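Heads up, work-v9.txt below (compact mmCIF, C-alpha atoms and all ligand atoms):
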```
# COMPACT_ATOMS: atom_id res chain seq x y z
CA MET A 1 7.45 48.10 83.24
CA ASP A 2 5.44 45.37 81.47
CA LYS A 3 3.50 46.76 78.46
CA LEU A 4 0.08 45.69 79.80
CA PHE A 5 0.75 47.09 83.28
CA TYR A 6 1.85 50.33 81.66
CA LYS A 7 -1.37 50.41 79.60
CA ASP A 8 -3.44 49.76 82.75
CA PHE A 9 -1.52 52.43 84.67
CA LYS A 10 -1.89 54.96 81.83
CA SER A 11 -5.62 54.35 81.47
CA ASN A 12 -6.09 54.80 85.24
CA ILE A 13 -4.28 58.16 85.13
CA PHE A 14 -6.49 59.17 82.21
CA ARG A 15 -9.60 58.05 84.11
CA GLY A 16 -8.45 60.03 87.17
CA LEU A 17 -8.23 63.16 85.03
CA LYS A 18 -11.67 62.49 83.57
CA LEU A 19 -13.04 62.03 87.07
CA ILE A 20 -11.70 65.44 88.08
CA ARG A 21 -13.58 66.87 85.10
CA ALA A 22 -16.74 64.90 85.99
CA LEU A 23 -16.65 66.45 89.46
CA ASN A 24 -17.67 69.70 87.85
CA LEU A 25 -19.40 72.25 90.02
CA ASP A 26 -21.92 73.35 87.41
CA PRO A 27 -25.05 71.18 87.46
CA ASN A 28 -26.02 72.41 83.98
CA ALA A 29 -22.76 71.37 82.31
CA ALA A 30 -23.03 68.51 79.81
CA VAL A 31 -20.58 66.33 81.72
CA GLY A 32 -21.79 62.90 82.71
CA PRO A 33 -20.14 60.09 84.67
CA ILE A 34 -17.09 58.27 83.33
CA ARG A 35 -18.88 54.96 83.03
CA VAL A 36 -22.45 53.79 83.39
CA GLU A 37 -23.32 50.21 84.35
CA ILE A 38 -26.56 49.04 82.77
CA ALA A 39 -28.68 46.02 83.67
CA ALA A 40 -30.31 45.51 80.27
CA SER A 41 -32.33 42.65 81.74
CA SER A 42 -32.96 40.93 85.06
CA ALA A 43 -33.76 37.64 83.30
CA CYS A 44 -31.22 34.84 83.36
CA ASN A 45 -30.81 31.44 81.74
CA TYR A 46 -28.75 30.17 84.72
CA ARG A 47 -29.25 29.95 88.48
CA CYS A 48 -25.69 30.16 89.90
CA TRP A 49 -25.85 29.12 93.55
CA PHE A 50 -23.88 32.22 94.64
CA CYS A 51 -26.05 34.71 92.72
CA ALA A 52 -27.96 37.14 94.93
CA SER A 53 -30.75 37.38 92.33
CA HIS A 54 -31.09 33.93 90.77
CA SER A 55 -29.56 31.36 93.12
CA TYR A 56 -31.21 27.93 92.93
CA LEU A 57 -30.92 27.90 96.73
CA TYR A 58 -33.65 30.56 96.84
CA PRO A 59 -37.20 29.27 96.41
CA ASP A 60 -38.53 32.35 94.57
CA ARG A 61 -37.50 33.65 91.15
CA ILE A 62 -37.23 37.37 90.43
CA GLU A 63 -39.37 39.05 87.80
CA PRO A 64 -37.67 39.03 84.36
CA LEU A 65 -37.60 42.69 83.30
CA PHE A 66 -36.06 44.18 80.14
CA LEU A 67 -35.18 47.77 79.22
CA SER A 68 -37.29 48.56 76.15
CA ASP A 69 -36.00 49.43 72.65
CA GLU A 70 -37.11 53.08 73.00
CA LEU A 71 -35.61 53.46 76.44
CA MET A 72 -32.29 51.98 75.30
CA ARG A 73 -32.24 54.28 72.25
CA SER A 74 -32.89 57.47 74.24
CA LEU A 75 -30.43 56.36 76.95
CA PHE A 76 -27.64 55.98 74.34
CA ASN A 77 -28.53 59.44 72.95
CA ASP A 78 -28.36 61.08 76.38
CA LEU A 79 -25.13 59.35 77.33
CA LYS A 80 -23.57 60.66 74.14
CA LYS A 81 -24.79 64.20 74.87
CA LEU A 82 -23.22 63.99 78.34
CA HIS A 83 -19.91 62.77 76.85
CA VAL A 84 -20.03 59.46 78.70
CA THR A 85 -17.44 57.19 77.10
CA GLU A 86 -17.67 53.83 78.88
CA LEU A 87 -20.65 51.48 79.20
CA LEU A 88 -20.73 48.21 81.11
CA PHE A 89 -23.62 45.82 80.47
CA SER A 90 -23.83 43.46 83.42
CA GLY A 91 -26.33 43.85 86.28
CA ASN A 92 -28.39 41.13 87.93
CA GLY A 93 -29.29 39.17 84.81
CA GLU A 94 -27.81 37.94 81.54
CA PRO A 95 -27.21 40.89 79.14
CA LEU A 96 -27.09 38.73 76.01
CA LEU A 97 -30.79 37.91 76.51
CA SER A 98 -31.60 41.57 75.72
CA LYS A 99 -32.46 42.09 72.06
CA ALA A 100 -32.75 45.87 72.69
CA MET A 101 -29.14 45.98 73.92
CA ILE A 102 -27.82 43.94 71.00
CA ARG A 103 -29.68 46.10 68.45
CA GLU A 104 -28.53 49.39 70.01
CA ILE A 105 -24.88 48.31 70.31
CA LYS A 106 -24.90 47.23 66.65
CA GLN A 107 -26.38 50.59 65.58
CA ASN A 108 -24.69 53.05 67.93
CA GLY A 109 -22.07 51.13 69.88
CA LYS A 110 -19.14 52.65 67.97
CA LYS A 111 -19.62 55.92 69.88
CA PHE A 112 -18.67 54.24 73.20
CA LEU A 113 -16.21 51.85 74.76
CA ILE A 114 -18.54 48.97 75.64
CA GLU A 115 -17.99 45.92 77.80
CA ILE A 116 -20.49 43.08 78.11
CA LEU A 117 -20.20 40.73 81.09
CA SER A 118 -21.96 37.53 80.10
CA ASN A 119 -22.34 33.99 81.43
CA GLY A 120 -21.61 32.72 77.88
CA GLY A 121 -24.78 30.61 77.63
CA ASN A 122 -26.11 32.73 74.76
CA LEU A 123 -22.80 33.51 73.04
CA SER A 124 -24.25 32.45 69.69
CA ALA A 125 -26.00 35.88 69.74
CA VAL A 126 -22.57 37.50 69.35
CA ASP A 127 -21.85 37.84 65.65
CA GLU A 128 -19.01 39.82 64.04
CA GLU A 129 -21.15 42.96 63.76
CA LEU A 130 -21.81 43.05 67.53
CA PHE A 131 -18.30 41.91 68.46
CA ARG A 132 -16.74 44.69 66.37
CA ASN A 133 -18.52 47.33 68.46
CA LEU A 134 -17.30 45.96 71.80
CA GLN A 135 -14.19 46.95 73.67
CA TYR A 136 -14.43 43.85 75.88
CA LEU A 137 -16.52 40.72 76.00
CA THR A 138 -16.03 39.17 79.43
CA ILE A 139 -17.32 35.63 79.89
CA SER A 140 -18.02 34.26 83.35
CA LEU A 141 -16.78 30.74 82.74
CA ASN A 142 -16.49 29.73 86.41
CA SER A 143 -15.16 26.34 85.36
CA GLY A 144 -11.80 25.18 83.98
CA ASN A 145 -12.82 21.91 82.32
CA GLY A 146 -16.60 21.75 82.56
CA LYS A 147 -16.86 19.32 85.50
CA SER A 148 -18.32 21.94 87.85
CA HIS A 149 -20.12 24.03 85.21
CA GLN A 150 -23.62 22.60 85.69
CA ILE A 151 -23.54 22.44 89.47
CA THR A 152 -22.25 26.02 89.74
CA HIS A 153 -24.69 27.48 87.23
CA GLY A 154 -27.69 25.44 88.36
CA TYR A 155 -29.16 24.31 85.05
CA LYS A 156 -30.57 20.96 83.94
CA GLY A 157 -30.01 19.06 80.68
CA GLU A 158 -26.78 18.86 78.72
CA ASN A 159 -23.51 20.33 79.97
CA GLN A 160 -23.17 23.69 78.17
CA PHE A 161 -19.43 24.14 78.83
CA PRO A 162 -18.22 22.59 75.52
CA GLY A 163 -20.63 24.81 73.53
CA ILE A 164 -19.35 27.94 75.32
CA VAL A 165 -15.74 26.94 74.61
CA ASN A 166 -16.63 26.38 70.92
CA ASN A 167 -18.23 29.81 70.72
CA ILE A 168 -15.20 31.46 72.33
CA GLU A 169 -12.94 29.69 69.81
CA ARG A 170 -15.22 30.86 66.98
CA LEU A 171 -14.83 34.48 68.12
CA LEU A 172 -11.08 34.05 68.61
CA ASN A 173 -10.81 33.54 64.83
CA ILE A 174 -11.61 37.24 64.42
CA SER A 175 -8.43 39.27 64.20
CA GLY A 176 -7.42 40.86 67.55
CA ALA A 177 -10.18 38.98 69.43
CA ASN A 178 -7.85 37.78 72.18
CA LYS A 179 -7.41 41.41 73.27
CA LYS A 180 -11.19 41.80 73.63
CA ILE A 181 -12.17 38.51 75.23
CA LYS A 182 -11.65 38.16 78.97
CA LEU A 183 -12.56 35.23 81.20
CA ASN A 184 -14.18 35.65 84.56
CA TYR A 185 -13.95 33.00 87.24
CA VAL A 186 -15.71 33.09 90.61
CA ILE A 187 -13.67 30.65 92.69
CA THR A 188 -15.73 28.31 94.87
CA ALA A 189 -14.96 25.12 96.80
CA GLU A 190 -16.36 23.20 93.79
CA ASN A 191 -14.30 24.68 90.96
CA TYR A 192 -11.17 25.41 93.00
CA GLU A 193 -9.42 22.28 91.67
CA GLU A 194 -10.05 23.38 88.06
CA ILE A 195 -7.96 26.55 88.29
CA ASP A 196 -4.97 24.89 86.60
CA ASP A 197 -7.15 24.06 83.58
CA LEU A 198 -8.40 27.65 83.44
CA ILE A 199 -4.80 28.90 83.48
CA LYS A 200 -3.83 26.48 80.68
CA MET A 201 -6.84 27.48 78.57
CA ALA A 202 -6.22 31.22 79.06
CA ALA A 203 -2.53 30.69 78.16
CA LYS A 204 -3.49 28.76 75.00
CA TRP A 205 -5.92 31.50 73.91
CA ASP A 206 -3.65 34.30 75.22
CA VAL A 207 -6.57 36.04 76.94
CA ILE A 208 -6.78 37.81 80.29
CA PHE A 209 -8.72 36.14 83.08
CA SER A 210 -9.90 37.47 86.37
CA ALA A 211 -10.38 34.86 89.10
CA ARG A 212 -11.66 35.93 92.49
CA PRO A 213 -13.07 34.12 95.52
CA VAL A 214 -16.84 33.91 95.82
CA LYS A 215 -18.53 36.32 98.20
CA ALA A 216 -21.38 34.89 100.23
CA ASP A 217 -22.82 37.36 102.72
CA ASP A 218 -26.15 35.62 102.87
CA GLN A 219 -26.34 32.68 105.31
CA ALA A 220 -28.20 30.62 102.68
CA LEU A 221 -25.21 30.90 100.31
CA ARG A 222 -22.48 29.90 102.76
CA GLY A 223 -20.89 26.44 102.86
CA LYS A 224 -19.24 26.41 99.44
CA THR A 225 -16.92 29.35 100.02
CA LEU A 226 -13.13 29.18 100.28
CA ASP A 227 -11.47 28.77 103.65
CA ARG A 228 -8.30 30.61 104.60
CA GLN A 229 -6.11 27.60 103.74
CA MET A 230 -7.56 27.46 100.21
CA LEU A 231 -6.91 31.18 99.76
CA GLU A 232 -3.32 30.75 100.88
CA ASN A 233 -2.85 27.81 98.51
CA LEU A 234 -4.25 29.87 95.64
CA ASP A 235 -1.93 32.73 96.43
CA LYS A 236 1.04 30.30 96.47
CA LYS A 237 -0.07 28.67 93.22
CA ALA A 238 -0.21 32.08 91.49
CA THR A 239 3.26 32.92 92.85
CA GLN A 240 4.65 29.63 91.48
CA TYR A 241 3.18 30.24 88.02
CA LEU A 242 4.56 33.78 88.09
CA ALA A 243 8.06 32.43 88.77
CA GLY A 244 7.89 30.37 85.55
CA SER A 245 9.53 31.44 82.34
CA ASN A 246 7.98 32.67 79.08
CA LEU A 247 4.81 34.04 80.63
CA SER A 248 2.81 36.26 78.31
CA GLY A 249 1.89 39.74 79.57
CA ARG A 250 -1.78 38.71 79.77
CA LEU A 251 -1.07 35.59 81.82
CA SER A 252 1.20 37.46 84.18
CA LEU A 253 -1.41 40.22 84.70
CA SER A 254 -4.12 37.59 85.36
CA LEU A 255 -1.95 35.80 87.94
CA GLN A 256 -1.30 39.11 89.69
CA LEU A 257 -5.07 39.66 89.77
CA ILE A 258 -5.56 36.31 91.57
CA LYS A 259 -3.02 37.36 94.21
CA ARG A 260 -4.72 40.72 94.69
CA ALA A 261 -8.17 39.10 94.91
CA CYS A 262 -6.98 36.67 97.61
CA GLN A 263 -5.77 39.59 99.69
CA ILE A 264 -8.96 41.60 99.24
CA ASN A 265 -10.91 38.65 100.54
CA TYR A 266 -8.85 38.48 103.76
CA GLN A 267 -9.48 42.13 104.48
CA ASP A 268 -13.11 41.83 103.48
CA SER A 269 -13.89 39.98 106.67
CA VAL A 270 -12.52 42.87 108.75
CA LYS A 271 -15.60 45.06 108.91
CA SER A 272 -14.73 48.73 109.04
CA THR A 273 -16.65 51.22 111.15
CA LYS A 274 -15.06 54.18 109.32
CA LEU A 275 -16.77 56.10 106.55
CA TYR A 276 -14.74 56.82 103.43
CA PRO A 277 -15.11 59.49 100.73
CA CYS A 278 -17.05 57.88 97.87
CA TYR A 279 -16.88 59.20 94.29
CA VAL A 280 -18.82 56.33 92.70
CA GLY A 281 -21.74 58.55 91.62
CA PHE A 282 -19.34 60.34 89.29
CA PHE A 283 -17.58 57.29 87.88
CA ASP A 284 -19.95 54.32 88.02
CA PRO A 285 -23.67 54.94 88.48
CA TYR A 286 -26.03 52.04 87.83
CA ILE A 287 -29.21 51.63 85.81
CA THR A 288 -31.45 48.76 86.87
CA SER A 289 -33.59 46.68 84.51
CA ASN A 290 -36.73 48.55 85.71
CA GLY A 291 -35.14 51.87 84.63
CA ASP A 292 -34.10 53.20 88.06
CA VAL A 293 -30.94 55.35 88.03
CA LEU A 294 -28.85 54.67 91.15
CA ILE A 295 -25.64 56.17 92.53
CA CYS A 296 -24.07 52.65 92.41
CA VAL A 297 -25.09 48.97 92.37
CA SER A 298 -25.99 49.16 96.08
CA GLY A 299 -27.99 52.40 95.82
CA GLN A 300 -31.54 51.00 95.63
CA GLU A 301 -32.45 52.83 98.87
CA HIS A 302 -32.15 56.19 97.11
CA PRO A 303 -33.07 56.12 93.38
CA PHE A 304 -32.21 59.34 91.52
CA GLY A 305 -35.18 58.84 89.18
CA ASN A 306 -36.62 56.40 86.65
CA LEU A 307 -35.96 56.33 82.91
CA ASN A 308 -39.56 55.39 82.15
CA GLU A 309 -40.57 58.79 83.51
CA GLU A 310 -37.62 61.07 82.74
CA SER A 311 -34.56 61.17 80.53
CA PHE A 312 -31.12 60.23 81.85
CA GLN A 313 -29.83 63.74 81.18
CA SER A 314 -32.60 65.36 83.19
CA ILE A 315 -32.13 62.90 86.11
CA TRP A 316 -28.36 63.35 86.04
CA GLN A 317 -28.52 67.16 86.08
CA LYS A 318 -31.08 67.51 88.91
CA ARG A 319 -29.65 69.63 91.72
CA GLN A 320 -30.68 67.23 94.48
CA ASN A 321 -28.99 64.33 92.67
CA LEU A 322 -25.78 66.33 92.25
CA ALA A 323 -26.00 67.24 95.95
CA PHE A 324 -26.36 63.55 96.85
CA ARG A 325 -23.38 62.55 94.70
CA ILE A 326 -21.23 65.27 96.23
CA MET A 327 -22.48 64.45 99.73
CA ALA A 328 -21.11 60.90 99.30
CA THR A 329 -17.64 62.39 98.58
CA GLN A 330 -17.72 64.11 102.00
CA MET A 331 -18.74 61.14 104.20
CA HIS A 332 -15.31 60.92 105.85
CA LYS A 333 -15.74 64.53 107.07
CA THR A 334 -19.44 64.64 107.91
CA ASN A 335 -19.60 61.09 109.27
CA GLN A 336 -23.03 60.86 107.62
CA MET A 337 -23.75 57.83 105.44
CA ALA A 338 -25.30 58.47 102.03
CA PHE A 339 -27.29 55.27 102.68
CA SER A 340 -26.95 52.19 104.85
CA ALA A 341 -24.76 50.09 102.48
CA CYS A 342 -21.97 52.73 102.63
CA ARG A 343 -20.74 51.65 106.08
CA ASN A 344 -19.28 48.31 104.99
CA CYS A 345 -18.74 48.96 101.31
CA VAL A 346 -15.56 47.25 100.10
CA ASN A 347 -15.58 49.02 96.73
CA VAL A 348 -15.10 52.43 98.26
CA GLN A 349 -11.89 51.24 99.90
CA TYR A 350 -10.45 49.90 96.68
CA HIS A 351 -11.55 52.47 94.12
CA SER A 352 -12.62 55.82 95.58
CA LEU A 353 -9.90 55.89 98.20
CA ALA A 354 -7.09 55.51 95.68
CA PHE A 355 -8.46 58.51 93.75
CA HIS A 356 -9.13 60.51 96.94
CA ASN A 357 -5.53 60.11 98.16
CA ILE A 358 -4.35 62.01 95.09
CA TYR A 359 -7.31 64.37 94.61
CA SER A 360 -7.22 65.62 98.22
CA LYS A 361 -3.66 66.89 97.63
CA ILE A 362 -4.59 69.07 94.64
CA PRO A 363 -4.80 72.74 95.70
CA VAL A 364 -8.23 74.45 95.73
CA LEU A 365 -10.41 71.72 94.11
CA PRO A 366 -11.28 69.62 97.22
CA GLY A 367 -12.19 72.83 99.09
CA LEU A 368 -14.50 73.91 96.25
CA LEU A 369 -16.20 70.53 96.35
CA GLU A 370 -16.72 70.79 100.10
CA ASN A 371 -18.22 74.30 99.73
CA ARG A 372 -20.43 73.16 96.91
CA SER A 373 -21.66 70.30 99.07
CA ARG A 374 -22.62 72.71 101.88
CA LYS A 375 -24.33 75.14 99.48
CA LEU A 376 -26.35 72.52 97.61
CA ASP A 377 -27.28 70.89 100.89
CA SER A 378 -28.56 74.15 102.42
CA ASN A 379 -30.44 75.05 99.18
CA ILE A 380 -32.24 71.72 99.26
CA THR A 381 -32.93 71.99 103.02
CA ASP A 382 -34.27 75.57 102.52
CA LYS A 383 -36.59 74.41 99.72
CA LYS A 384 -37.85 71.52 101.84
CA GLY A 385 -38.46 73.93 104.76
CA ALA A 386 -40.16 76.57 102.59
C1 LIG B 401 -24.62 38.97 88.46
S1 LIG B 401 -23.58 38.63 87.11
C2 LIG B 401 -24.39 39.33 85.71
C3 LIG B 401 -23.70 39.08 84.41
C4 LIG B 401 -23.77 37.66 83.88
N1 LIG B 401 -25.00 37.01 84.06
C5 LIG B 401 -22.64 36.84 84.46
O1 LIG B 401 -22.87 35.92 85.22
O2 LIG B 401 -21.49 37.16 84.11
C6 LIG B 401 -22.27 39.79 87.33
C7 LIG B 401 -21.00 39.20 87.92
O3 LIG B 401 -21.16 38.96 89.28
C8 LIG B 401 -20.50 37.77 89.63
N2 LIG B 401 -21.06 37.28 90.88
C9 LIG B 401 -22.35 37.03 91.16
N3 LIG B 401 -22.48 36.61 92.44
C10 LIG B 401 -21.25 36.60 92.98
C11 LIG B 401 -20.73 36.27 94.27
N4 LIG B 401 -21.52 35.85 95.25
N5 LIG B 401 -19.39 36.38 94.47
C12 LIG B 401 -18.58 36.83 93.48
N6 LIG B 401 -19.01 37.16 92.25
C13 LIG B 401 -20.32 37.05 92.00
C14 LIG B 401 -20.78 36.90 88.41
O4 LIG B 401 -19.93 35.81 88.27
C15 LIG B 401 -20.55 37.90 87.31
O5 LIG B 401 -19.18 37.99 87.03
S1 LIG B 402 -25.28 33.80 85.18
FE1 LIG B 402 -24.97 35.78 86.23
S2 LIG B 402 -27.02 36.61 86.60
FE2 LIG B 402 -27.25 34.46 85.97
S3 LIG B 402 -27.43 33.33 87.83
FE3 LIG B 402 -25.27 33.35 87.28
S4 LIG B 402 -24.36 35.16 88.27
FE4 LIG B 402 -26.59 35.37 88.35
```
Show me, as structure tokens, the structure contained in the file I just sent.
Amino acid sequence: MDKLFYKDFKSNIFRGLKLIRALNLDPNAAVGPIRVEIAASSACNYRCWFCASHSYLYPDRIEPLFLSDELMRSLFNDLKKLHVTELLFSGNGEPLLSKAMIREIKQNGKKFLIEILSNGGNLSAVDEELFRNLQYLTISLNSGNGKSHQITHGYKGENQFPGIVNNIERLLNISGANKKIKLNYVITAENYEEIDDLIKMAAKWDVIFSARPVKADDQALRGKTLDRQMLENLDKKATQYLAGSNLSGRLSLSLQLIKRACQINYQDSVKSTKLYPCYVGFFDPYITSNGDVLICVSGQEHPFGNLNEESFQSIWQKRQNLAFRIMATQMHKTNQMAFSACRNCVNVQYHSLAFHNIYSKIPVLPGLLENRSRKLDSNITDKKGA
């Protein structure tokens, strides 16, 4: 088995074990989720046409919100107390515009495995001190040679692609940086032809890249998506590269990711009417830039609480929030959606289901979870009725 695949496989097994521990049945235990995704800011310096929050195809701009210094500090403290190990800074804005995030990662980032997903436009804010405290810095390049960079990202003035490339090369001078830097590429009809340049650049830098077809659910965003023929061509292109000799482990993994992403997109269009067991509340809850704590990125319908009013630890340990998280793990049995986005959620089919297929075969534990769900549910119903 290739070394990188083995590492990926091993870390998924480890995560699976941590998830079993996170599914603890004691609401007072200091056991938080495996990872927390944090939107440090909803502000952005770009207006990518495919972005649900900032697209230049939308007439209105969203309000630029930032998590404050104090909130970020107390959040890091609570996450540490709950033994959370992984943090992802992404969300619906550009994380590197948040001074509070940068300051906190520099001061306390060593205690976590941190990934920042950035558009690269403000990469000059990443100095060695910040970079040292990151596990990954993923840059959404979305262009292989710069031709499509401006049109995709919707900004005026000079083309920023060369500056981003220079900044990446500056960081690559730091020892081991190629293991931390990853490239992200949303494939659209406009940048589809630049994929070969992306592959060459990633091979030259020996970094991993993840390229996946754009998703455009909103009618206003359609028209620049990939058709089936383009997806098939991409899949073939990745297969041809994979057949070549002397591929590095990182390049080979990235090409496999393209193939997987092309397949996910095919199945994406087949809307499922089934409900699946969802464990996301235990492995990937989401904090929005206004401080709301959600079960996942789609959970706005049912916020668990807000960090401007209560600490993360207190929100996390509330009985009704635990009940809601466990309720989502039972959707396949109860046929009750946690909230409306659950019905067609693609993530549940690719993440939770893989875990569930193993977890459901472990003796005793799934039964305990089901019982706990019933008990917490009836406690909450009793209190509401009282
Ligand atoms: C919303 S952005 C926030 C982080 C940062 N501003 C960035 O662009 O990387 C998070 C990720 O979602 C991706 N994304 C946004 N809209 C998308 C879409 N319609 N289809 C696929 N990926 C999308 C972005 O490329 C980025 O990788
Ligand atoms: S850079 Fe990220 S947040 Fe900004 S518009 Fe593009 S996808 Fe949206």
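With all atoms listed in the file as the basis for measurement, A:Gly121 is the residue among A:Pro277, A:Gly305, A:Gly121, A:Pro59 that approaches ligand LIG 401 (chain B) most closely.
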| field | Best match for closeness to ligand LIG 402 (chain B) among A:Gly109, A:Gly120, A:Pro33, A:Pro27, counting only C-alpha atoms and all ligand atoms | value |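 Between A:Gly109, A:Gly120, A:Pro33, A:Pro27, the residue approaching ligand LIG 402 (chain B) most closely is A:Gly120.
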Mind listing whatever residues come within 12 Å of the point (-23.8, 57.4, 76.9)? Use all atoms listed in the file, file coordinates, and give them as an mmCIF file with C-alpha atoms, keeping the file's coordinate frame.
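See part.cif below for the written result:
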```
data_model
loop_
_atom_site.group_PDB
_atom_site.id
_atom_site.type_symbol
_atom_site.label_atom_id
_atom_site.label_comp_id
_atom_site.auth_asym_id
_atom_site.auth_seq_id
_atom_site.Cartn_x
_atom_site.Cartn_y
_atom_site.Cartn_z
ATOM 1 C CA ALA A 30 -23.030 68.510 79.810
ATOM 2 C CA VAL A 31 -20.580 66.330 81.720
ATOM 3 C CA GLY A 32 -21.790 62.900 82.710
ATOM 4 C CA PRO A 33 -20.140 60.090 84.670
ATOM 5 C CA ILE A 34 -17.090 58.270 83.330
ATOM 6 C CA ARG A 35 -18.880 54.960 83.030
ATOM 7 C CA VAL A 36 -22.450 53.790 83.390
ATOM 8 C CA GLU A 37 -23.320 50.210 84.350
ATOM 9 C CA ILE A 38 -26.560 49.040 82.770
ATOM 10 C CA MET A 72 -32.290 51.980 75.300
ATOM 11 C CA ARG A 73 -32.240 54.280 72.250
ATOM 12 C CA SER A 74 -32.890 57.470 74.240
ATOM 13 C CA LEU A 75 -30.430 56.360 76.950
ATOM 14 C CA PHE A 76 -27.640 55.980 74.340
ATOM 15 C CA ASN A 77 -28.530 59.440 72.950
ATOM 16 C CA ASP A 78 -28.360 61.080 76.380
ATOM 17 C CA LEU A 79 -25.130 59.350 77.330
ATOM 18 C CA LYS A 80 -23.570 60.660 74.140
ATOM 19 C CA LYS A 81 -24.790 64.200 74.870
ATOM 20 C CA LEU A 82 -23.220 63.990 78.340
ATOM 21 C CA HIS A 83 -19.910 62.770 76.850
ATOM 22 C CA VAL A 84 -20.030 59.460 78.700
ATOM 23 C CA THR A 85 -17.440 57.190 77.100
ATOM 24 C CA GLU A 86 -17.670 53.830 78.880
ATOM 25 C CA LEU A 87 -20.650 51.480 79.200
ATOM 26 C CA LEU A 88 -20.730 48.210 81.110
ATOM 27 C CA GLU A 104 -28.530 49.390 70.010
ATOM 28 C CA ILE A 105 -24.880 48.310 70.310
ATOM 29 C CA ASN A 108 -24.690 53.050 67.930
ATOM 30 C CA GLY A 109 -22.070 51.130 69.880
ATOM 31 C CA LYS A 110 -19.140 52.650 67.970
ATOM 32 C CA LYS A 111 -19.620 55.920 69.880
ATOM 33 C CA PHE A 112 -18.670 54.240 73.200
ATOM 34 C CA LEU A 113 -16.210 51.850 74.760
ATOM 35 C CA ILE A 114 -18.540 48.970 75.640
ATOM 36 C CA PRO A 285 -23.670 54.940 88.480
ATOM 37 C CA ILE A 287 -29.210 51.630 85.810
ATOM 38 C CA SER A 311 -34.560 61.170 80.530
ATOM 39 C CA PHE A 312 -31.120 60.230 81.850
ATOM 40 C CA GLN A 313 -29.830 63.740 81.180
ATOM 41 C CA TRP A 316 -28.360 63.350 86.040
#
```
Show me, as a Markdown table, the residues of chain A having an atom within 12 Å of ligand LIG 402 (chain B), each with the closest atom pair and its distance in Å, using all atoms listed in the file.
```
| residue | atom | partner | partner_atom | distance |
| --- | --- | --- | --- | --- |
| A:Ala39 | CA | B:LIG402 | S2 | 10.0 |
| A:Ala40 | CA | B:LIG402 | S2 | 11.4 |
| A:Ser41 | CA | B:LIG402 | S2 | 9.4 |
| A:Ser42 | CA | B:LIG402 | S2 | 7.5 |
| A:Ala43 | CA | B:LIG402 | S2 | 7.6 |
| A:Cys44 | CA | B:LIG402 | FE2 | 4.8 |
| A:Asn45 | CA | B:LIG402 | FE2 | 6.3 |
| A:Tyr46 | CA | B:LIG402 | S3 | 4.6 |
| A:Arg47 | CA | B:LIG402 | S3 | 3.9 |
| A:Cys48 | CA | B:LIG402 | FE3 | 4.1 |
| A:Trp49 | CA | B:LIG402 | S3 | 7.3 |
| A:Phe50 | CA | B:LIG402 | S4 | 7.0 |
| A:Cys51 | CA | B:LIG402 | FE4 | 4.5 |
| A:Ala52 | CA | B:LIG402 | FE4 | 7.0 |
| A:Ser53 | CA | B:LIG402 | FE4 | 6.1 |
| A:His54 | CA | B:LIG402 | S3 | 4.7 |
| A:Ser55 | CA | B:LIG402 | S3 | 6.0 |
| A:Tyr56 | CA | B:LIG402 | S3 | 8.3 |
| A:Leu57 | CA | B:LIG402 | S3 | 11.0 |
| A:Tyr58 | CA | B:LIG402 | S3 | 11.3 |
| A:Arg61 | CA | B:LIG402 | S3 | 10.6 |
| A:Ile62 | CA | B:LIG402 | S3 | 10.9 |
| A:Pro64 | CA | B:LIG402 | S2 | 11.1 |
| A:Phe89 | CA | B:LIG402 | S2 | 11.6 |
| A:Ser90 | CA | B:LIG402 | S2 | 8.2 |
| A:Gly91 | CA | B:LIG402 | S2 | 7.3 |
| A:Asn92 | CA | B:LIG402 | S2 | 4.9 |
| A:Gly93 | CA | B:LIG402 | S2 | 3.9 |
| A:Glu94 | CA | B:LIG402 | S2 | 5.3 |
| A:Pro95 | CA | B:LIG402 | S2 | 8.6 |
| A:Leu96 | CA | B:LIG402 | S1 | 10.6 |
| A:Leu97 | CA | B:LIG402 | FE2 | 10.7 |
| A:Ile116 | CA | B:LIG402 | FE1 | 11.8 |
| A:Leu117 | CA | B:LIG402 | FE1 | 8.6 |
| A:Ser118 | CA | B:LIG402 | FE1 | 7.0 |
| A:Asn119 | CA | B:LIG402 | S1 | 4.8 |
| A:Gly120 | CA | B:LIG402 | S1 | 8.2 |
| A:Gly121 | CA | B:LIG402 | S1 | 8.2 |
| A:Asn122 | CA | B:LIG402 | S1 | 10.5 |
| A:Thr138 | CA | B:LIG402 | FE1 | 11.7 |
| A:Ile139 | CA | B:LIG402 | S1 | 9.7 |
| A:Ser140 | CA | B:LIG402 | S1 | 7.5 |
| A:Leu141 | CA | B:LIG402 | S1 | 9.4 |
| A:Asn142 | CA | B:LIG402 | FE3 | 9.5 |
| A:His149 | CA | B:LIG402 | FE3 | 10.8 |
| A:Gln150 | CA | B:LIG402 | FE3 | 11.0 |
| A:Ile151 | CA | B:LIG402 | FE3 | 11.3 |
| A:Thr152 | CA | B:LIG402 | FE3 | 8.3 |
| A:His153 | CA | B:LIG402 | FE3 | 5.9 |
| A:Gly154 | CA | B:LIG402 | S3 | 7.9 |
| A:Tyr155 | CA | B:LIG402 | S3 | 9.6 |
| A:Asn184 | CA | B:LIG402 | S4 | 10.8 |
| A:Tyr185 | CA | B:LIG402 | S4 | 10.7 |
| A:Val186 | CA | B:LIG402 | S4 | 9.2 |
| A:Val214 | CA | B:LIG402 | S4 | 10.7 |
| A:Lys215 | CA | B:LIG402 | S4 | 11.6 |
```
### Task
State, in Å with one decimal place, the distance from CA of Leu253 (chain A) to CA of His351 (chain A).
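According to the coordinates, CA of Leu253 (chain A) and CA of His351 (chain A) are separated by 18.5 Å.
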